[in-house]
>>> print(open('my_file16.pdb').read())   # PDB, C-alpha atoms
ATOM      1  CA  GLU A  22      49.478  77.627 167.830  1.00  0.00           C
ATOM      2  CA  ALA A  23      51.522  74.611 166.755  1.00  0.00           C
ATOM      3  CA  SER A  24      54.366  74.115 164.282  1.00  0.00           C
ATOM      4  CA  VAL A  25      55.994  70.945 162.997  1.00  0.00           C
ATOM      5  CA  SER A  26      59.517  70.644 161.650  1.00  0.00           C
ATOM      6  CA  SER A  27      61.550  67.630 160.651  1.00  0.00           C
ATOM      7  CA  PHE A  28      65.234  67.074 161.294  1.00  0.00           C
ATOM      8  CA  GLU A  29      67.747  64.296 160.824  1.00  0.00           C
ATOM      9  CA  GLN A  30      69.757  62.806 163.655  1.00  0.00           C
ATOM     10  CA  PRO A  31      73.511  61.999 163.313  1.00  0.00           C
ATOM     11  CA  ASP A  32      72.656  58.324 162.724  1.00  0.00           C
ATOM     12  CA  GLY A  33      70.583  59.342 159.699  1.00  0.00           C
ATOM     13  CA  GLU A  34      67.215  58.667 161.323  1.00  0.00           C
ATOM     14  CA  SER A  35      64.560  61.304 160.705  1.00  0.00           C
ATOM     15  CA  ARG A  36      62.681  62.908 163.575  1.00  0.00           C
ATOM     16  CA  VAL A  37      59.800  65.387 163.826  1.00  0.00           C
ATOM     17  CA  ALA A  38      59.674  68.257 166.339  1.00  0.00           C
ATOM     18  CA  LEU A  39      56.307  69.578 167.459  1.00  0.00           C
ATOM     19  CA  VAL A  40      56.257  73.045 169.043  1.00  0.00           C
ATOM     20  CA  ILE A  41      53.056  74.242 170.747  1.00  0.00           C
ATOM     21  CA  ARG A  42      52.630  77.894 171.718  1.00  0.00           C
ATOM     22  CA  ASP A  43      49.838  79.257 173.853  1.00  0.00           C
ATOM     23  CA  VAL A  44      48.634  82.083 171.605  1.00  0.00           C
ATOM     24  CA  ALA A  45      45.862  83.117 173.990  1.00  0.00           C
ATOM     25  CA  GLU A  46      48.322  83.658 176.849  1.00  0.00           C
ATOM     26  CA  ARG A  47      50.724  85.555 174.631  1.00  0.00           C
ATOM     27  CA  GLU A  48      47.916  87.817 173.376  1.00  0.00           C
ATOM     28  CA  LEU A  49      46.764  88.422 176.940  1.00  0.00           C
ATOM     29  CA  ARG A  50      50.260  89.534 177.928  1.00  0.00           C
ATOM     30  CA  ARG A  51      50.397  91.838 174.900  1.00  0.00           C
ATOM     31  CA  LEU A  52      47.049  93.423 175.784  1.00  0.00           C
ATOM     32  CA  GLU A  53      48.131  93.898 179.409  1.00  0.00           C
ATOM     33  CA  LEU A  54      51.277  95.675 178.231  1.00  0.00           C
ATOM     34  CA  VAL A  55      49.255  97.939 175.912  1.00  0.00           C
ATOM     35  CA  ARG A  56      46.861  98.718 178.764  1.00  0.00           C
ATOM     36  CA  GLN A  57      49.761  99.519 181.098  1.00  0.00           C
ATOM     37  CA  LEU A  58      51.289 101.899 178.572  1.00  0.00           C
ATOM     38  CA  GLU A  59      47.936 103.636 178.046  1.00  0.00           C
ATOM     39  CA  ALA A  60      47.528 104.003 181.809  1.00  0.00           C
ATOM     40  CA  GLU A  61      50.992 105.515 182.179  1.00  0.00           C
ATOM     41  CA  LYS A  62      50.227 108.038 179.418  1.00  0.00           C
ATOM     42  CA  SER A  63      46.918 108.976 181.065  1.00  0.00           C
ATOM     43  CA  ILE A  64      48.536 109.429 184.480  1.00  0.00           C
ATOM     44  CA  ALA A  65      51.314 111.538 182.958  1.00  0.00           C
ATOM     45  CA  ALA A  66      48.691 113.730 181.241  1.00  0.00           C
ATOM     46  CA  ILE A  67      46.788 114.144 184.525  1.00  0.00           C
ATOM     47  CA  SER A  68      50.002 115.107 186.294  1.00  0.00           C
ATOM     48  CA  ARG A  69      50.933 117.703 183.652  1.00  0.00           C
ATOM     49  CA  ASP A  70      47.465 119.263 183.690  1.00  0.00           C
ATOM     50  CA  LEU A  71      47.289 119.488 187.485  1.00  0.00           C
ATOM     51  CA  LEU A  72      50.807 120.908 187.786  1.00  0.00           C
ATOM     52  CA  ALA A  73      50.166 123.532 185.110  1.00  0.00           C
ATOM     53  CA  ALA A  74      46.969 124.800 186.743  1.00  0.00           C
ATOM     54  CA  THR A  75      47.102 127.678 189.203  1.00  0.00           C
ATOM     55  CA  GLY A  76      44.540 129.585 191.228  1.00  0.00           C
ATOM     56  CA  PRO A  77      40.899 129.065 190.224  1.00  0.00           C
ATOM     57  CA  ALA A  78      42.014 126.966 187.226  1.00  0.00           C
ATOM     58  CA  ILE A  79      42.918 124.113 189.587  1.00  0.00           C
ATOM     59  CA  ASP A  80      39.207 123.371 190.029  1.00  0.00           C
ATOM     60  CA  GLY A  81      38.786 122.739 186.302  1.00  0.00           C
ATOM     61  CA  ALA A  82      41.986 120.684 186.147  1.00  0.00           C
ATOM     62  CA  ILE A  83      40.727 118.461 188.967  1.00  0.00           C
ATOM     63  CA  ARG A  84      37.439 117.842 187.149  1.00  0.00           C
ATOM     64  CA  ARG A  85      39.242 117.011 183.890  1.00  0.00           C
ATOM     65  CA  ALA A  86      41.509 114.636 185.805  1.00  0.00           C
ATOM     66  CA  LEU A  87      38.452 112.923 187.294  1.00  0.00           C
ATOM     67  CA  GLY A  88      37.137 112.326 183.780  1.00  0.00           C
ATOM     68  CA  MET A  89      40.449 110.768 182.764  1.00  0.00           C
ATOM     69  CA  ALA A  90      40.482 108.636 185.919  1.00  0.00           C
ATOM     70  CA  ALA A  91      36.963 107.426 185.092  1.00  0.00           C
ATOM     71  CA  ALA A  92      38.039 106.498 181.559  1.00  0.00           C
ATOM     72  CA  LEU A  93      41.115 104.766 182.939  1.00  0.00           C
ATOM     73  CA  SER A  94      39.048 102.631 185.299  1.00  0.00           C
ATOM     74  CA  GLY A  95      35.799 102.140 183.389  1.00  0.00           C
ATOM     75  CA  ALA A  96      33.608 104.128 185.806  1.00  0.00           C
ATOM     76  CA  ASP A  97      30.422 106.075 185.022  1.00  0.00           C
ATOM     77  CA  ARG A  98      30.939 108.584 187.839  1.00  0.00           C
ATOM     78  CA  CYS A  99      34.175 109.710 189.487  1.00  0.00           C
ATOM     79  CA  TYR A 100      34.457 112.150 192.370  1.00  0.00           C
ATOM     80  CA  LEU A 101      36.953 113.607 194.800  1.00  0.00           C
ATOM     81  CA  VAL A 102      36.053 114.434 198.394  1.00  0.00           C
ATOM     82  CA  SER A 103      38.450 116.301 200.662  1.00  0.00           C
ATOM     83  CA  THR A 104      38.287 117.903 204.093  1.00  0.00           C
ATOM     84  CA  ASP A 105      37.599 121.625 203.973  1.00  0.00           C
ATOM     85  CA  GLU A 106      39.995 123.336 206.358  1.00  0.00           C
ATOM     86  CA  GLU A 107      38.076 126.607 206.013  1.00  0.00           C
ATOM     87  CA  ASN A 108      34.841 124.986 207.181  1.00  0.00           C
ATOM     88  CA  ALA A 109      35.161 122.744 210.240  1.00  0.00           C
ATOM     89  CA  GLY A 110      33.446 119.440 209.567  1.00  0.00           C
ATOM     90  CA  GLY A 111      32.807 120.397 205.945  1.00  0.00           C
ATOM     91  CA  LEU A 112      33.989 118.674 202.792  1.00  0.00           C
ATOM     92  CA  LEU A 113      35.098 119.857 199.358  1.00  0.00           C
ATOM     93  CA  TYR A 114      33.463 117.929 196.528  1.00  0.00           C
ATOM     94  CA  PHE A 115      34.454 117.660 192.852  1.00  0.00           C
ATOM     95  CA  ASP A 116      32.922 115.249 190.374  1.00  0.00           C
ATOM     96  CA  TRP A 117      32.763 114.041 186.784  1.00  0.00           C
ATOM     97  CA  ARG A 118      29.839 112.146 185.258  1.00  0.00           C
ATOM     98  CA  ALA A 119      29.473 110.319 181.965  1.00  0.00           C
ATOM     99  CA  PRO A 120      26.744 111.619 179.610  1.00  0.00           C
ATOM    100  CA  GLY A 121      23.319 110.623 180.896  1.00  0.00           C
ATOM    101  CA  ILE A 122      24.565 109.965 184.437  1.00  0.00           C
ATOM    102  CA  ALA A 123      22.839 112.079 187.087  1.00  0.00           C
ATOM    103  CA  ASP A 124      24.531 113.884 189.950  1.00  0.00           C
ATOM    104  CA  PHE A 125      24.923 111.784 193.085  1.00  0.00           C
ATOM    105  CA  PRO A 126      22.678 113.571 195.600  1.00  0.00           C
ATOM    106  CA  ILE A 127      24.253 112.216 198.782  1.00  0.00           C
ATOM    107  CA  ARG A 128      26.720 114.617 200.415  1.00  0.00           C
ATOM    108  CA  LEU A 129      28.095 113.647 203.809  1.00  0.00           C
ATOM    109  CA  SER A 130      29.681 115.910 206.386  1.00  0.00           C
ATOM    110  CA  SER A 131      33.060 114.899 207.772  1.00  0.00           C
ATOM    111  CA  GLU A 132      31.387 113.553 210.923  1.00  0.00           C
ATOM    112  CA  GLN A 133      28.819 111.560 208.937  1.00  0.00           C
ATOM    113  CA  ALA A 134      31.594 110.064 206.826  1.00  0.00           C
ATOM    114  CA  ARG A 135      33.401 108.914 209.964  1.00  0.00           C
ATOM    115  CA  ARG A 136      30.261 107.076 211.083  1.00  0.00           C
ATOM    116  CA  GLU A 137      30.406 104.946 207.923  1.00  0.00           C
ATOM    117  CA  LYS A 138      32.796 102.614 209.729  1.00  0.00           C
ATOM    118  CA  TRP A 139      32.529  99.791 207.175  1.00  0.00           C
ATOM    119  CA  ALA A 140      34.460 102.049 204.764  1.00  0.00           C
ATOM    120  CA  PHE A 141      36.119 104.729 206.899  1.00  0.00           C
ATOM    121  CA  GLN A 142      38.283 102.367 208.926  1.00  0.00           C
ATOM    122  CA  SER A 143      39.754 100.761 205.808  1.00  0.00           C
ATOM    123  CA  LEU A 144      40.405 104.142 204.189  1.00  0.00           C
ATOM    124  CA  ALA A 145      42.052 105.419 207.380  1.00  0.00           C
ATOM    125  CA  ARG A 146      44.453 102.448 207.195  1.00  0.00           C
ATOM    126  CA  GLY A 147      45.322 103.408 203.628  1.00  0.00           C
ATOM    127  CA  GLU A 148      43.311 100.576 202.074  1.00  0.00           C
ATOM    128  CA  ALA A 149      41.001 100.855 199.086  1.00  0.00           C
ATOM    129  CA  VAL A 150      37.337  99.938 199.586  1.00  0.00           C
ATOM    130  CA  HIS A 151      36.412  97.689 196.662  1.00  0.00           C
ATOM    131  CA  VAL A 152      32.747  96.708 196.236  1.00  0.00           C
ATOM    132  CA  PRO A 153      32.223  94.938 192.897  1.00  0.00           C
ATOM    133  CA  ARG A 154      28.553  94.318 193.743  1.00  0.00           C
ATOM    134  CA  VAL A 155      26.850  96.885 195.958  1.00  0.00           C
ATOM    135  CA  ALA A 156      23.915  94.530 196.558  1.00  0.00           C
ATOM    136  CA  ASP A 157      26.325  92.214 198.417  1.00  0.00           C
ATOM    137  CA  LEU A 158      27.347  94.800 201.033  1.00  0.00           C
ATOM    138  CA  PRO A 159      26.900  93.369 204.549  1.00  0.00           C
ATOM    139  CA  GLU A 160      24.243  94.377 207.056  1.00  0.00           C
ATOM    140  CA  ALA A 161      26.791  96.642 208.767  1.00  0.00           C
ATOM    141  CA  ALA A 162      26.669  98.786 205.625  1.00  0.00           C
ATOM    142  CA  ARG A 163      22.909  98.511 205.133  1.00  0.00           C
ATOM    143  CA  GLU A 164      22.251 102.265 205.017  1.00  0.00           C
ATOM    144  CA  ALA A 165      24.996 102.887 202.461  1.00  0.00           C
ATOM    145  CA  ARG A 166      23.877  99.862 200.432  1.00  0.00           C
ATOM    146  CA  GLU A 167      20.277 101.062 200.280  1.00  0.00           C
ATOM    147  CA  LYS A 168      21.254 104.631 199.359  1.00  0.00           C
ATOM    148  CA  MET A 169      23.580 103.510 196.568  1.00  0.00           C
ATOM    149  CA  LEU A 170      21.120 100.994 195.149  1.00  0.00           C
ATOM    150  CA  ALA A 171      18.344 103.611 195.263  1.00  0.00           C
ATOM    151  CA  ASN A 172      20.578 105.836 193.123  1.00  0.00           C
ATOM    152  CA  GLY A 173      21.484 103.096 190.665  1.00  0.00           C
ATOM    153  CA  VAL A 174      25.039 102.430 191.867  1.00  0.00           C
ATOM    154  CA  ARG A 175      25.953  98.812 191.096  1.00  0.00           C
ATOM    155  CA  SER A 176      29.699  98.839 191.856  1.00  0.00           C
ATOM    156  CA  TYR A 177      31.741 101.108 194.121  1.00  0.00           C
ATOM    157  CA  LEU A 178      35.410 101.819 194.671  1.00  0.00           C
ATOM    158  CA  ALA A 179      36.999 104.295 197.089  1.00  0.00           C
ATOM    159  CA  VAL A 180      40.726 105.041 197.171  1.00  0.00           C
ATOM    160  CA  PRO A 181      42.127 106.998 200.139  1.00  0.00           C
ATOM    161  CA  VAL A 182      43.639 110.450 199.672  1.00  0.00           C
ATOM    162  CA  ARG A 183      46.260 110.898 202.361  1.00  0.00           C
ATOM    163  CA  VAL A 184      48.869 113.353 203.542  1.00  0.00           C
ATOM    164  CA  GLY A 185      51.463 111.187 205.237  1.00  0.00           C
ATOM    165  CA  GLU A 186      49.465 108.901 207.504  1.00  0.00           C
ATOM    166  CA  ARG A 187      46.499 111.289 207.727  1.00  0.00           C
ATOM    167  CA  LEU A 188      43.336 110.613 205.739  1.00  0.00           C
ATOM    168  CA  VAL A 189      42.194 113.858 204.103  1.00  0.00           C
ATOM    169  CA  GLY A 190      39.709 112.564 201.551  1.00  0.00           C
ATOM    170  CA  LEU A 191      38.866 109.900 199.015  1.00  0.00           C
ATOM    171  CA  LEU A 192      38.699 109.279 195.296  1.00  0.00           C
ATOM    172  CA  GLY A 193      35.386 107.538 194.616  1.00  0.00           C
ATOM    173  CA  LEU A 194      34.102 105.686 191.560  1.00  0.00           C
ATOM    174  CA  HIS A 195      30.633 104.410 190.702  1.00  0.00           C
ATOM    175  CA  CYS A 196      29.493 102.032 187.993  1.00  0.00           C
ATOM    176  CA  LEU A 197      25.792 102.312 187.130  1.00  0.00           C
ATOM    177  CA  ASN A 198      25.424 100.682 183.720  1.00  0.00           C
ATOM    178  CA  SER A 199      27.023  97.390 184.758  1.00  0.00           C
ATOM    179  CA  GLU A 200      28.838  95.754 187.635  1.00  0.00           C
ATOM    180  CA  LYS A 201      32.624  95.912 187.640  1.00  0.00           C
ATOM    181  CA  HIS A 202      35.467  94.191 189.439  1.00  0.00           C
ATOM    182  CA  TRP A 203      38.436  96.536 189.382  1.00  0.00           C
ATOM    183  CA  SER A 204      41.763  94.787 188.844  1.00  0.00           C
ATOM    184  CA  SER A 205      44.723  95.236 191.165  1.00  0.00           C
ATOM    185  CA  HIS A 206      46.454  97.153 188.345  1.00  0.00           C
ATOM    186  CA  GLU A 207      43.540  99.589 188.039  1.00  0.00           C
ATOM    187  CA  ILE A 208      43.459 100.186 191.781  1.00  0.00           C
ATOM    188  CA  THR A 209      47.207 100.848 191.776  1.00  0.00           C
ATOM    189  CA  TRP A 210      46.808 103.400 188.963  1.00  0.00           C
ATOM    190  CA  LEU A 211      44.032 105.131 190.882  1.00  0.00           C
ATOM    191  CA  ARG A 212      46.241 105.309 193.983  1.00  0.00           C
ATOM    192  CA  VAL A 213      48.777 107.240 191.914  1.00  0.00           C
ATOM    193  CA  VAL A 214      46.036 109.598 190.704  1.00  0.00           C
ATOM    194  CA  ALA A 215      44.887 110.099 194.315  1.00  0.00           C
ATOM    195  CA  GLU A 216      48.424 111.164 195.251  1.00  0.00           C
ATOM    196  CA  LEU A 217      48.400 113.708 192.416  1.00  0.00           C
ATOM    197  CA  PHE A 218      45.140 115.126 193.751  1.00  0.00           C
ATOM    198  CA  THR A 219      46.707 115.563 197.192  1.00  0.00           C
ATOM    199  CA  SER A 220      49.278 117.952 195.764  1.00  0.00           C
ATOM    200  CA  ALA A 221      46.676 119.844 193.716  1.00  0.00           C
ATOM    201  CA  LEU A 222      44.407 120.312 196.734  1.00  0.00           C
ATOM    202  CA  GLU A 223      47.275 121.618 198.844  1.00  0.00           C
ATOM    203  CA  ARG A 224      48.110 124.159 196.127  1.00  0.00           C
ATOM    204  CA  MET A 225      44.466 125.171 195.852  1.00  0.00           C
ATOM    205  CA  ARG A 226      44.343 125.867 199.591  1.00  0.00           C
ATOM    206  CA  SER A 227      47.638 127.751 199.511  1.00  0.00           C
ATOM    207  CA  ASP A 228      46.508 129.898 196.554  1.00  0.00           C
ATOM    208  CA  ALA A 229      43.202 130.689 198.299  1.00  0.00           C
ATOM    209  CA  ALA A 230      44.991 131.662 201.519  1.00  0.00           C
ATOM    210  CA  LEU A 231      47.384 133.892 199.564  1.00  0.00           C
ATOM    211  CA  ARG A 232      44.538 135.684 197.791  1.00  0.00           C
ATOM    212  CA  GLU A 233      42.743 136.278 201.080  1.00  0.00           C
ATOM    213  CA  SER A 234      45.868 137.777 202.651  1.00  0.00           C
ATOM    214  CA  GLU A 235      46.345 140.282 199.843  1.00  0.00           C
TER     215      GLU A 235
END
>>> encode(input="my_file16.pdb", output="structure tokens")
Amino acid sequence: EASVSSFEQPDGESRVALVIRDVAERELRRLELVRQLEAEKSIAAISRDLLAATGPAIDGAIRRALGMAAALSGADRCYLVSTDEENAGGLLYFDWRAPGIADFPIRLSSEQARREKWAFQSLARGEAVHVPRVADLPEAAREAREKMLANGVRSYLAVPVRVGERLVGLLGLHCLNSEKHWSSHEITWLRVVAELFTSALERMRSDAALRESE
């Protein structure tokens, strides 16, 4: 965008001022701000829903939150995996899938998950595992690569779910209809959602233990 204006100097000589504005950059900043505000509203809604849920209703709240997290990040499948303290080596699994997206048939035990070192070590350090193109996974992740490709997964993201420094699960996202590179902003938003899930899971376990003691 450019604008031209004329002005007269003290000596009476006329001059022209040319002002050039980068409209594309300004529009990009506006869209980023809108996106940030939408993300904050979505995260606030997830937080309210999870906090309001009690007892068995927490399960439904978690699944609704997964759907909102998928919409927030542009994923076709979103799931939450957490250690099951009632079943040694077992895992709790919750998921949301877009219409037409099949269930992901692969369910790992806690021990099997630990053997996936290409991902587990990063998650244990509190790092997200970001795979914009599953086909590009290295040979060290060959088994995971082949399983995901066989099930149509084109992009993969895993965000750690932690209690303090302890890894207790992950928030996973799959893209099947297209490849996706998640932005640093999107990954940050998903980290916040993962923290909200930590609290919900703890309450679910506490409620279950209370019911069993009655």
>>> closest_atom_pairs(input="my_file16.pdb", of="segment 138-180 of chain A", to="segment 192-196 of chain A", cutoff="12 Å", atoms="all atoms listed in the file", output="CSV")
residue,atom,partner,partner_atom,distance
A:Ala140,CA,A:Gly193,CA,11.6
A:Leu144,CA,A:Leu192,CA,10.4
A:Glu148,CA,A:Leu192,CA,12.0
A:Ala149,CA,A:Leu192,CA,9.5
A:Val150,CA,A:Gly193,CA,9.3
A:His151,CA,A:Leu194,CA,9.8
A:Val152,CA,A:His195,CA,9.7
A:Pro153,CA,A:Cys196,CA,9.0
A:Arg154,CA,A:Cys196,CA,9.7
A:Val155,CA,A:Cys196,CA,9.8
A:Met169,CA,A:His195,CA,9.2
A:Leu170,CA,A:His195,CA,11.0
A:Asn172,CA,A:His195,CA,10.4
A:Gly173,CA,A:Cys196,CA,8.5
A:Val174,CA,A:Cys196,CA,5.9
A:Arg175,CA,A:Cys196,CA,5.7
A:Ser176,CA,A:Cys196,CA,5.0
A:Tyr177,CA,A:His195,CA,4.9
A:Leu178,CA,A:Leu194,CA,5.1
A:Ala179,CA,A:Gly193,CA,4.4
A:Val180,CA,A:Leu192,CA,5.1
>>> closest_residue(input="my_file16.pdb", among="A:Val184, A:Ser103, A:Ala162, A:Leu217", to="Ala82 of chain A", atoms="only C-alpha atoms")
A:Leu217
>>> atom_distance(input="my_file16.pdb", atom1="atom CA of Ile79 of chain A", atom2="atom CA of Ser205 of chain A")
29.0 Å
>>> resolve_selection(input="my_file16.pdb", expression="the PyMOL selection byres ((chain A and resi 81) around 12)", output="MDAnalysis selection string")
chainID A and resid 67 70:71 73:80 82:88 115:117 221 225
>>> closest_residue(input="my_file16.pdb", among="A:Gly185, A:Ala119, A:Cys99, A:Leu54", to="Ser220 of chain A", atoms="all atoms listed in the file")
A:Gly185
>>> atom_distance(input="my_file16.pdb", atom1="atom CA of Gly190 of chain A", atom2="atom CA of Thr104 of chain A")
6.1 Å
>>> atom_distance(input="my_file16.pdb", atom1="atom CA of Lys201 of chain A", atom2="atom CA of Gln133 of chain A")
26.7 Å
>>> resolve_selection(input="my_file16.pdb", expression="the PyMOL selection byres ((chain A and resi 128) around 12)", output="number ranges by chain")
A: 100-103, 111-116, 124-127, 129-134, 168
>>> residues_around(input="my_file16.pdb", residues="Glu207 of chain A", least_positions_apart="5", cutoff="9 Å", atoms="only C-alpha atoms", output="list in words")
Ala60, Leu93, Ser94 and Arg212 of chain A
>>> closest_residue(input="my_file16.pdb", among="A:Ala91, A:Arg69, A:Pro159, A:Val182", to="Leu222 of chain A", atoms="all atoms listed in the file")
A:Val182
>>> decode(input="my_file16.pdb", residues="segment 113-193 of chain A", atoms="C-alpha atoms", output="compact mmCIF listing (two decimals), in the first residue's frame")
# COMPACT_ATOMS: atom_id res chain seq x y z
CA LEU A 113 -5.74 -45.46 29.75
CA TYR A 114 -6.79 -44.36 26.27
CA PHE A 115 -9.25 -41.65 25.19
CA ASP A 116 -9.70 -40.44 21.63
CA TRP A 117 -11.62 -38.20 19.25
CA ARG A 118 -11.87 -38.73 15.49
CA ALA A 119 -13.18 -36.51 12.72
CA PRO A 120 -16.11 -37.91 10.69
CA GLY A 121 -14.91 -40.64 8.36
CA ILE A 122 -11.68 -41.23 10.30
CA ALA A 123 -11.29 -44.79 11.58
CA ASP A 124 -10.13 -45.80 15.03
CA PHE A 125 -6.36 -46.16 15.35
CA PRO A 126 -5.92 -49.89 16.03
CA ILE A 127 -2.47 -49.74 17.61
CA ARG A 128 -2.52 -49.83 21.42
CA LEU A 129 0.81 -50.10 23.20
CA SER A 130 1.45 -51.25 26.74
CA SER A 131 3.55 -49.02 28.97
CA GLU A 132 6.58 -51.25 28.38
CA GLN A 133 6.09 -51.24 24.60
CA ALA A 134 5.82 -47.46 24.63
CA ARG A 135 9.14 -47.21 26.47
CA ARG A 136 10.80 -49.26 23.74
CA GLU A 137 9.85 -46.60 21.18
CA LYS A 138 13.01 -44.72 22.12
CA TRP A 139 12.91 -42.36 19.12
CA ALA A 140 9.86 -40.72 20.75
CA PHE A 141 9.90 -41.78 24.41
CA GLN A 142 13.22 -40.16 25.28
CA SER A 143 12.11 -36.77 23.94
CA LEU A 144 8.77 -36.98 25.74
CA ALA A 145 10.52 -37.96 28.99
CA ARG A 146 12.61 -34.77 28.69
CA GLY A 147 9.42 -32.75 28.33
CA GLU A 148 9.87 -32.17 24.59
CA ALA A 149 7.18 -32.48 21.95
CA VAL A 150 7.71 -35.03 19.16
CA HIS A 151 6.89 -33.22 15.92
CA VAL A 152 6.77 -35.27 12.70
CA PRO A 153 5.37 -33.17 9.84
CA ARG A 154 5.97 -36.03 7.38
CA VAL A 155 5.75 -39.55 8.76
CA ALA A 156 7.39 -40.97 5.63
CA ASP A 157 10.58 -39.10 6.61
CA LEU A 158 10.96 -40.83 9.99
CA PRO A 159 14.47 -42.31 10.33
CA GLU A 160 15.37 -45.99 10.25
CA ALA A 161 15.47 -45.99 14.06
CA ALA A 162 11.71 -45.44 13.95
CA ARG A 163 11.08 -47.84 11.06
CA GLU A 164 8.46 -49.94 12.87
CA ALA A 165 6.47 -46.90 13.98
CA ARG A 166 6.79 -45.34 10.52
CA GLU A 167 5.47 -48.45 8.79
CA LYS A 168 2.56 -48.86 11.23
CA MET A 169 1.49 -45.23 10.90
CA LEU A 170 1.78 -45.20 7.11
CA ALA A 171 -0.18 -48.47 6.91
CA ASN A 172 -2.97 -46.73 8.84
CA GLY A 173 -2.91 -43.59 6.72
CA VAL A 174 -1.15 -41.28 9.19
CA ARG A 175 0.75 -38.60 7.26
CA SER A 176 1.74 -36.24 10.09
CA TYR A 177 2.20 -36.90 13.81
CA LEU A 178 2.58 -34.79 16.92
CA ALA A 179 2.96 -35.96 20.53
CA VAL A 180 2.98 -33.58 23.50
CA PRO A 181 4.08 -34.93 26.90
CA VAL A 182 1.66 -35.12 29.82
CA ARG A 183 3.69 -34.76 32.99
CA VAL A 184 3.27 -34.53 36.73
CA GLY A 185 6.27 -32.51 37.86
CA GLU A 186 9.22 -34.11 36.10
CA ARG A 187 7.47 -37.48 35.68
CA LEU A 188 6.05 -38.50 32.31
CA VAL A 189 2.57 -39.96 32.84
CA GLY A 190 1.21 -39.92 29.30
CA LEU A 191 0.96 -38.06 26.02
CA LEU A 192 -1.44 -36.02 23.94
CA GLY A 193 -1.20 -37.34 20.38
